[in-house]
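Coordinates as given in input.txt (compact mmCIF, C-alpha atoms):
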# COMPACT_ATOMS: atom_id res chain seq x y z
CA MET A 1 0.00 0.00 0.00
CA THR A 2 1.36 3.40 -0.92
CA ASP A 3 0.83 6.72 0.82
CA GLY A 4 -2.08 8.83 -0.36
CA VAL A 5 -1.67 12.14 -2.17
CA PRO A 6 -1.97 15.10 0.24
CA ILE A 7 -4.83 17.55 -0.34
CA LEU A 8 -4.20 21.15 0.80
CA LYS A 9 -6.91 23.75 1.41
CA ILE A 10 -6.40 27.42 0.51
CA GLY A 11 -9.52 29.46 1.18
CA SER A 12 -12.29 27.73 -0.72
CA THR A 13 -9.88 25.96 -3.07
CA LEU A 14 -8.36 22.51 -2.67
CA LEU A 15 -4.86 22.01 -4.04
CA VAL A 16 -3.42 18.65 -4.98
CA SER A 17 0.12 18.35 -6.21
CA ILE A 18 0.92 14.94 -7.63
CA GLN A 19 4.62 14.37 -7.05
CA ILE A 20 4.82 10.61 -7.36
CA ASP A 21 4.52 8.10 -10.16
CA LEU A 22 0.82 7.33 -9.60
CA GLN A 23 -0.19 3.75 -9.15
CA ASP A 24 -3.71 2.99 -10.38
CA ASP A 25 -5.10 2.25 -6.91
CA THR A 26 -3.54 5.45 -5.51
CA ALA A 27 -5.26 7.41 -8.30
CA LEU A 28 -8.61 5.85 -7.42
CA ARG A 29 -8.10 6.68 -3.76
CA LEU A 30 -7.29 10.29 -4.59
CA GLN A 31 -10.57 10.50 -6.49
CA GLU A 32 -12.51 9.32 -3.42
CA ASP A 33 -10.51 11.46 -0.96
CA LEU A 34 -11.12 14.56 -3.07
CA ALA A 35 -14.87 13.98 -3.31
CA GLU A 36 -14.98 13.66 0.46
CA ARG A 37 -12.90 16.80 1.04
CA ILE A 38 -15.07 18.85 -1.33
CA THR A 39 -18.23 18.00 0.58
CA ASP A 40 -16.51 18.38 3.99
CA THR A 41 -15.08 21.81 3.20
CA GLY A 42 -17.60 23.15 0.70
CA ALA A 43 -14.70 23.94 -1.61
CA ARG A 44 -15.60 25.72 -4.84
CA GLY A 45 -12.40 24.99 -6.71
CA VAL A 46 -9.96 22.09 -7.12
CA ILE A 47 -6.50 22.62 -8.56
CA ILE A 48 -4.55 19.53 -9.60
CA ASP A 49 -0.88 20.17 -10.24
CA ILE A 50 0.54 17.48 -12.52
CA SER A 51 3.94 19.10 -13.14
CA GLY A 52 5.49 16.12 -11.33
CA LEU A 53 3.91 13.60 -13.70
CA GLU A 54 6.22 12.22 -16.38
CA ILE A 55 3.35 10.65 -18.26
CA VAL A 56 -0.43 10.85 -18.45
CA ASP A 57 -1.72 7.58 -19.83
CA SER A 58 -5.37 6.70 -20.46
CA PHE A 59 -5.93 5.64 -16.85
CA ILE A 60 -4.59 8.86 -15.33
CA GLY A 61 -6.36 10.89 -18.03
CA ARG A 62 -9.61 9.20 -17.14
CA MET A 63 -8.97 9.88 -13.45
CA LEU A 64 -8.49 13.60 -14.16
CA ALA A 65 -11.69 13.69 -16.20
CA SER A 66 -13.69 11.89 -13.51
CA ILE A 67 -12.34 14.14 -10.75
CA ALA A 68 -13.54 17.11 -12.82
CA GLY A 69 -16.91 15.41 -13.33
CA ILE A 70 -17.33 14.51 -9.66
CA SER A 71 -16.36 17.99 -8.46
CA HIS A 72 -18.71 19.56 -10.99
CA VAL A 73 -21.60 17.56 -9.55
CA LEU A 74 -20.47 18.73 -6.10
CA ASP A 75 -20.49 22.34 -7.30
CA ALA A 76 -16.75 22.84 -7.60
CA THR A 77 -14.59 23.67 -10.62
CA THR A 78 -11.48 21.62 -11.37
CA VAL A 79 -8.43 23.10 -13.04
CA VAL A 80 -5.50 20.90 -14.09
CA VAL A 81 -2.19 22.75 -14.14
CA GLY A 82 1.48 22.18 -14.94
CA MET A 83 1.23 19.68 -17.76
CA ARG A 84 4.68 19.12 -19.30
CA PRO A 85 4.92 19.85 -23.04
CA ALA A 86 6.05 16.29 -23.86
CA VAL A 87 3.08 14.96 -21.91
CA ALA A 88 0.68 17.20 -23.85
CA ILE A 89 2.13 16.03 -27.19
CA THR A 90 1.90 12.37 -26.14
CA MET A 91 -1.65 12.70 -24.85
CA VAL A 92 -2.88 14.18 -28.10
CA GLU A 93 -1.19 11.46 -30.13
CA LEU A 94 -2.58 8.77 -27.84
CA GLY A 95 -6.02 10.14 -28.67
CA LEU A 96 -6.74 11.18 -25.11
CA SER A 97 -8.77 14.29 -24.57
CA LEU A 98 -9.45 15.67 -21.14
CA GLY A 99 -12.97 16.54 -22.23
CA ASP A 100 -14.40 19.39 -20.24
CA VAL A 101 -11.48 19.61 -17.83
CA ARG A 102 -10.20 23.16 -17.55
CA THR A 103 -6.46 23.63 -17.71
CA ALA A 104 -4.06 26.44 -16.82
CA LEU A 105 -0.32 26.72 -17.20
CA ASP A 106 0.41 27.08 -13.48
CA VAL A 107 -1.19 27.29 -10.04
CA GLU A 108 -1.15 31.09 -10.06
CA ARG A 109 -3.19 31.26 -13.26
CA ALA A 110 -5.55 28.58 -11.97
CA LEU A 111 -6.18 30.60 -8.79
CA ALA A 112 -6.91 33.65 -10.94
CA LEU A 113 -9.29 31.56 -13.03
CA LEU A 114 -11.10 30.41 -9.89
CA ALA A 115 -11.02 33.83 -8.19
CA PRO A 116 -14.39 35.04 -9.52
CA VAL A 117 -16.00 31.90 -8.16
CA GLU A 118 -14.43 32.54 -4.78
CA GLN A 119 -15.21 36.26 -4.55
CA PHE A 120 -18.70 36.24 -6.00
CA PRO A 121 -20.66 33.11 -5.20
CA GLU A 122 -23.01 32.15 -7.99
CA ASP A 123 -26.21 33.25 -6.23
CA VAL A 124 -24.79 36.74 -5.73
CA LEU A 125 -23.87 36.96 -9.42
CA LEU A 126 -27.27 35.64 -10.46
CA GLY A 127 -28.98 38.08 -8.15
CA ALA A 128 -27.03 40.93 -9.74
CA VAL A 129 -28.06 39.84 -13.22
CA GLU A 130 -31.70 39.58 -12.17
CA ARG A 131 -31.62 43.05 -10.65
CA GLU A 132 -30.09 44.48 -13.83
CA GLU A 133 -32.65 42.77 -16.04
CA GLY A 134 -35.56 43.54 -13.73
CA MET B 1 15.91 -6.26 -36.58
CA SER B 2 19.41 -7.04 -35.32
CA ALA B 3 20.17 -9.47 -32.55
CA PRO B 4 19.93 -8.12 -29.03
CA THR B 5 23.27 -7.07 -27.61
CA THR B 6 22.22 -6.25 -24.09
CA THR B 7 20.67 -8.11 -21.23
CA VAL B 8 16.93 -8.46 -21.11
CA GLU B 9 15.26 -7.33 -17.91
CA HIS B 10 12.21 -9.32 -16.86
CA VAL B 11 9.45 -7.69 -14.86
CA PRO B 12 6.56 -9.87 -13.73
CA ILE B 13 3.25 -7.98 -14.04
CA ARG B 14 0.97 -9.06 -11.21
CA THR B 15 -0.14 -5.84 -9.49
CA ASP B 16 -0.62 -2.09 -10.05
CA SER B 17 2.83 -1.43 -8.63
CA ASP B 18 4.38 -3.67 -11.30
CA VAL B 19 2.94 -1.35 -13.97
CA VAL B 20 4.82 1.50 -12.27
CA LYS B 21 7.99 -0.65 -12.22
CA VAL B 22 7.72 -1.24 -15.97
CA ARG B 23 7.30 2.50 -16.58
CA GLN B 24 10.37 3.30 -14.49
CA LEU B 25 12.53 0.66 -16.15
CA VAL B 26 11.51 1.76 -19.66
CA ARG B 27 12.14 5.40 -18.73
CA ALA B 28 15.66 4.59 -17.42
CA LEU B 29 16.57 2.65 -20.57
CA ALA B 30 15.06 5.32 -22.84
CA GLN B 31 17.34 7.86 -21.21
CA GLN B 32 20.32 5.54 -21.68
CA ALA B 33 19.36 5.12 -25.35
CA ARG B 34 19.35 8.93 -25.65
CA LEU B 35 15.83 9.16 -26.95
CA SER B 36 14.45 12.70 -27.12
CA LEU B 37 12.23 13.74 -24.24
CA VAL B 38 9.11 13.47 -26.40
CA ASP B 39 10.11 10.00 -27.67
CA GLN B 40 10.86 8.91 -24.10
CA THR B 41 7.48 10.13 -22.94
CA LYS B 42 5.67 8.41 -25.82
CA LEU B 43 7.48 5.12 -25.25
CA VAL B 44 6.88 5.13 -21.50
CA THR B 45 3.21 5.97 -22.03
CA ALA B 46 2.83 3.11 -24.54
CA ALA B 47 4.59 0.75 -22.11
CA SER B 48 2.23 1.83 -19.36
CA GLU B 49 -0.85 1.14 -21.50
CA LEU B 50 0.43 -2.28 -22.58
CA ALA B 51 1.54 -3.29 -19.08
CA ARG B 52 -1.92 -2.41 -17.79
CA ASN B 53 -3.52 -4.43 -20.61
CA THR B 54 -1.36 -7.39 -19.61
CA LEU B 55 -2.55 -7.03 -16.02
CA VAL B 56 -6.24 -6.25 -16.62
CA TYR B 57 -7.08 -8.22 -19.76
CA GLY B 58 -4.33 -10.84 -19.75
CA GLY B 59 -4.74 -11.64 -16.06
CA GLY B 60 -1.08 -10.81 -15.48
CA GLY B 61 2.05 -11.76 -17.36
CA ASP B 62 5.57 -10.57 -18.00
CA ALA B 63 7.41 -7.66 -19.51
CA GLU B 64 10.84 -8.00 -21.08
CA VAL B 65 12.65 -4.73 -21.56
CA GLN B 66 16.05 -4.18 -23.11
CA LEU B 67 18.36 -1.60 -24.53
CA ALA B 68 18.76 -2.48 -28.20
CA VAL B 69 21.52 -1.59 -30.62
CA ASP B 70 21.06 -1.57 -34.36
CA GLY B 71 24.16 -0.30 -36.16
CA VAL B 72 24.70 3.23 -34.92
CA ARG B 73 21.22 3.57 -33.51
CA THR B 74 20.27 2.73 -29.96
CA GLY B 75 16.75 2.12 -28.81
CA VAL B 76 14.54 0.37 -26.35
CA ARG B 77 12.53 -2.75 -27.03
CA ALA B 78 9.80 -4.01 -24.77
CA VAL B 79 7.74 -7.18 -25.00
CA PHE B 80 4.53 -7.79 -23.06
CA LYS B 81 3.34 -11.37 -22.73
CA ASP B 82 0.36 -12.96 -21.09
CA ASP B 83 -1.42 -16.32 -21.17
CA GLY B 84 -4.83 -14.72 -21.01
CA PRO B 85 -7.84 -15.20 -23.28
CA GLY B 86 -6.18 -13.55 -26.28
CA ILE B 87 -7.91 -11.13 -28.62
CA PRO B 88 -10.58 -12.69 -30.88
CA ASP B 89 -10.90 -9.77 -33.32
CA LEU B 90 -7.60 -7.95 -33.60
CA ASP B 91 -8.76 -5.41 -36.20
CA LEU B 92 -11.56 -4.41 -33.89
CA ALA B 93 -9.25 -4.24 -30.88
CA LEU B 94 -6.95 -1.90 -32.80
CA THR B 95 -9.81 0.49 -33.51
CA ASP B 96 -9.85 3.73 -31.53
CA GLY B 97 -12.55 3.76 -28.92
CA TRP B 98 -13.33 0.07 -29.02
CA THR B 99 -13.08 -1.53 -25.61
CA SER B 100 -13.88 -4.94 -24.24
CA GLY B 101 -13.89 -3.66 -20.70
CA SER B 102 -14.25 -0.45 -18.79
CA GLY B 103 -11.31 1.33 -20.40
CA LEU B 104 -11.30 4.07 -22.97
CA GLY B 105 -10.36 1.77 -25.82
CA LEU B 106 -7.15 3.66 -26.49
CA GLY B 107 -4.64 1.23 -25.05
CA LEU B 108 -3.74 -0.79 -28.14
CA SER B 109 -4.58 1.65 -30.93
CA GLY B 110 -3.11 4.60 -29.06
CA SER B 111 0.10 2.92 -28.02
CA ARG B 112 0.66 1.79 -31.61
CA ARG B 113 0.77 5.46 -32.62
CA LEU B 114 3.28 6.30 -29.88
CA VAL B 115 6.11 3.99 -30.95
CA GLN B 116 8.13 3.33 -34.10
CA HIS B 117 7.79 -0.45 -34.05
CA PHE B 118 4.64 -2.28 -33.00
CA ALA B 119 3.92 -5.98 -33.49
CA ILE B 120 1.17 -8.04 -31.96
CA ASP B 121 0.65 -11.77 -31.87
CA THR B 122 -2.55 -13.12 -30.40
CA ALA B 123 -5.25 -15.72 -30.87
CA PRO B 124 -8.32 -16.71 -28.88
CA GLY B 125 -7.22 -18.82 -25.94
CA ALA B 126 -3.55 -18.46 -26.85
CA GLY B 127 -2.58 -15.33 -24.94
CA THR B 128 -1.19 -12.10 -26.29
CA ARG B 129 2.32 -10.91 -27.11
CA VAL B 130 2.97 -7.29 -28.00
CA GLU B 131 6.41 -6.01 -29.00
CA ILE B 132 7.26 -2.32 -29.22
CA ALA B 133 10.47 -0.45 -29.97
CA THR B 134 11.62 3.12 -30.47
CA TRP B 135 15.04 4.18 -31.73
CA SER B 136 17.13 7.27 -31.29
CA ARG B 137 16.82 9.57 -34.32

Turn the structure described in the file into structure tokens.
Amino acid sequence: MTDGVPILKIGSTLLVSIQIDLQDDTALRLQEDLAERITDTGARGVIIDISGLEIVDSFIGRMLASIAGISHVLDATTVVVGMRPAVAITMVELGLSLGDVRTALDVERALALLAPVEQFPEDVLLGAVEREEG
Amino acid sequence: MSAPTTTVEHVPIRTDSDVVKVRQLVRALAQQARLSLVDQTKLVTAASELARNTLVYGGGGDAEVQLAVDGVRTGVRAVFKDDGPGIPDLDLALTDGWTSGSGLGLGLSGSRRLVQHFAIDTAPGAGTRVEIATWSR
């Protein structure tokens, strides 16, 4: 059994930095741990840093896509950051698409991407739109 | 293809952690063979897909990985063998998106695109053997 991947919380964002060569069962555990942490903390954003990953094969690609899907259902946005150029080239050639997963070049950009979500919760934004239209 | 000039490393594939072992071994040899970073990444990714196939569909098996020399070129060759059920319709199995299980159906077809040499030998009930190789350019 390997150690799990640590999940850090910054404000209403969860940050996961994958620094190890992910074994399939570790990837599955991360998926479950993240779902639990999102509901426990009410996080609105999840940032997954994969700069430590030397490859993204179909299993890891599928894990990233399902984490994004699960967090979406739990009302959080997932952003994958730090993909190495060689990994991006390989993924495209493999035929793997991350689907609706949002990506950013680094954690800083991902935080900026998630900032509107953090500062203006959706109901506030919707309320503002309704007031303007009304 | 020329005769192997280096020792073959055997990795039994029985668990998830063995798939990681195969990846790490292929990566180390790819660096020794001086493959470009993109070629290394493609080869390791293909090896990862095939090792997982061996585990999931073949019910476990073996990987044989070696540094290969062909004239002035160096490369890495990897063979994945299992005694599983084999693949009844190979053309279908090599089609993007086709899957017999819960995967994405990219393992075989995708890994074929990632390497320079790809050969597969399989028959129903006779197991599966996949050989891949990539050479320095």

Show which residues sit within 12 Å of Ala47 of chain B, as a ChimeraX atom specification. Count all atoms listed in the file, and ignore same-chain residues fewer than 6 positions away.
-> /A:55-58 /B:13,18-27,30,40-41,53-54,63-65,76-80,107-108,110-112,114-115,118,130-134

Go ahead and save the residues from that selection, with C-alpha atoms, as a PDB file, in the frame of the given file.
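The resulting selection-v6.pdb:
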ATOM      1  CA  ILE A  55       3.350  10.650 -18.260  1.00  0.00           C
ATOM      2  CA  VAL A  56      -0.430  10.850 -18.450  1.00  0.00           C
ATOM      3  CA  ASP A  57      -1.720   7.580 -19.830  1.00  0.00           C
ATOM      4  CA  SER A  58      -5.370   6.700 -20.460  1.00  0.00           C
TER       5      SER A  58
ATOM      6  CA  ILE B  13       3.250  -7.980 -14.040  1.00  0.00           C
ATOM      7  CA  ASP B  18       4.380  -3.670 -11.300  1.00  0.00           C
ATOM      8  CA  VAL B  19       2.940  -1.350 -13.970  1.00  0.00           C
ATOM      9  CA  VAL B  20       4.820   1.500 -12.270  1.00  0.00           C
ATOM     10  CA  LYS B  21       7.990  -0.650 -12.220  1.00  0.00           C
ATOM     11  CA  VAL B  22       7.720  -1.240 -15.970  1.00  0.00           C
ATOM     12  CA  ARG B  23       7.300   2.500 -16.580  1.00  0.00           C
ATOM     13  CA  GLN B  24      10.370   3.300 -14.490  1.00  0.00           C
ATOM     14  CA  LEU B  25      12.530   0.660 -16.150  1.00  0.00           C
ATOM     15  CA  VAL B  26      11.510   1.760 -19.660  1.00  0.00           C
ATOM     16  CA  ARG B  27      12.140   5.400 -18.730  1.00  0.00           C
ATOM     17  CA  ALA B  30      15.060   5.320 -22.840  1.00  0.00           C
ATOM     18  CA  GLN B  40      10.860   8.910 -24.100  1.00  0.00           C
ATOM     19  CA  THR B  41       7.480  10.130 -22.940  1.00  0.00           C
ATOM     20  CA  ASN B  53      -3.520  -4.430 -20.610  1.00  0.00           C
ATOM     21  CA  THR B  54      -1.360  -7.390 -19.610  1.00  0.00           C
ATOM     22  CA  ALA B  63       7.410  -7.660 -19.510  1.00  0.00           C
ATOM     23  CA  GLU B  64      10.840  -8.000 -21.080  1.00  0.00           C
ATOM     24  CA  VAL B  65      12.650  -4.730 -21.560  1.00  0.00           C
ATOM     25  CA  VAL B  76      14.540   0.370 -26.350  1.00  0.00           C
ATOM     26  CA  ARG B  77      12.530  -2.750 -27.030  1.00  0.00           C
ATOM     27  CA  ALA B  78       9.800  -4.010 -24.770  1.00  0.00           C
ATOM     28  CA  VAL B  79       7.740  -7.180 -25.000  1.00  0.00           C
ATOM     29  CA  PHE B  80       4.530  -7.790 -23.060  1.00  0.00           C
ATOM     30  CA  GLY B 107      -4.640   1.230 -25.050  1.00  0.00           C
ATOM     31  CA  LEU B 108      -3.740  -0.790 -28.140  1.00  0.00           C
ATOM     32  CA  GLY B 110      -3.110   4.600 -29.060  1.00  0.00           C
ATOM     33  CA  SER B 111       0.100   2.920 -28.020  1.00  0.00           C
ATOM     34  CA  ARG B 112       0.660   1.790 -31.610  1.00  0.00           C
ATOM     35  CA  LEU B 114       3.280   6.300 -29.880  1.00  0.00           C
ATOM     36  CA  VAL B 115       6.110   3.990 -30.950  1.00  0.00           C
ATOM     37  CA  PHE B 118       4.640  -2.280 -33.000  1.00  0.00           C
ATOM     38  CA  VAL B 130       2.970  -7.290 -28.000  1.00  0.00           C
ATOM     39  CA  GLU B 131       6.410  -6.010 -29.000  1.00  0.00           C
ATOM     40  CA  ILE B 132       7.260  -2.320 -29.220  1.00  0.00           C
ATOM     41  CA  ALA B 133      10.470  -0.450 -29.970  1.00  0.00           C
ATOM     42  CA  THR B 134      11.620   3.120 -30.470  1.00  0.00           C
TER      43      THR B 134
END

Mind pulling up the distance from atom CA of Ile20 of chain A to atom CA of Val11 of chain B?
->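 Answer for the atom CA of Val11 of chain B to atom CA of Ile20 of chain A separation: 20.3 Å.
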
Counting all atoms listed in the file, which residues from chain A have an atom at most 12 Å from any atom of chain B, and could you show them as a PyMOL selection string?
-> chain A and resi 1-2+20-28+53-63+65+84-98

May I have the residues within 10 Å of Thr39 of chain A as a VMD selection string, using all atoms listed in the file and disregarding those fewer than 6 positions away in the same chain?
-> chain A and resid 71 74 to 76

Could you write out that same residue set with C-alpha atoms as a PDB file, keeping the file's coordinate frame?
ATOM      1  CA  SER A  71     -16.360  17.990  -8.460  1.00  0.00           C
ATOM      2  CA  LEU A  74     -20.470  18.730  -6.100  1.00  0.00           C
ATOM      3  CA  ASP A  75     -20.490  22.340  -7.300  1.00  0.00           C
ATOM      4  CA  ALA A  76     -16.750  22.840  -7.600  1.00  0.00           C
TER       5      ALA A  76
END

Provide the atom CA of Gly75 of chain B to atom CA of Gln32 of chain B distance in Å, to one decimal place.
-> 8.7 Å

Kindly give the distance, in Å, that separates atom CA of Thr78 of chain A and atom CA of Leu64 of chain A, rounded to a single decimal.
->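 Atom-to-atom, atom CA of Thr78 of chain A and atom CA of Leu64 of chain A are spaced 9.0 Å apart.
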
Using only C-alpha atoms, pick whichever of A:Ala104, A:Ala35, A:Val73, A:Ile47 has the shortest atom-to-atom distance to Val16 of chain A.
->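 Looking only at the distances to Val16 of chain A, the closest residue turns out to be A:Ile47.
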
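Distance annotation: of B:Lys81, B:Pro124, B:Ala33, B:Val56, the residue with the minimal separation from Val69 of chain B is B:Ala33; atom set is only C-alpha atoms.
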
Using all atoms listed in the file, give me every residue within 10 Å of (-6.6, -8.6, -18.8) in file coordinates, as a list in words.
-> Ala51, Arg52, Asn53, Thr54, Leu55, Val56, Tyr57, Gly58, Gly59, Gly60, Gly61, Asp82, Asp83, Gly84, Pro85, Gly86, Ser100, Gly101, Gly127 and Thr128 of chain B

Pick out the residues sitting within 12 Å of Ser17 of chain A, and hand them over as a list in words; count all atoms listed in the file, and ignore anything fewer than 6 positions along from it in its own chain.
->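 Here the answer would be Gly4, Val5, Pro6, Ile7, Leu8, Lys9, Leu30, Val46, Ile47, Ile48, Asp49, Ile50, Ser51, Gly52, Leu53, Val79, Val80, Val81, Gly82, Met83, Asp106 and Val107 of chain A.
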
Please enclose the listed atoms of segment 52-56 of chain B in an axis-aligned box, pad each side by 4 Å, and write out the centre and the three edge lengths in Å, rounded to one decimal, as lines of an AutoDock Vina configuration file.
center_x = -3.8
center_y = -4.9
center_z = -18.3
size_x = 12.9
size_y = 13.0
size_z = 12.6
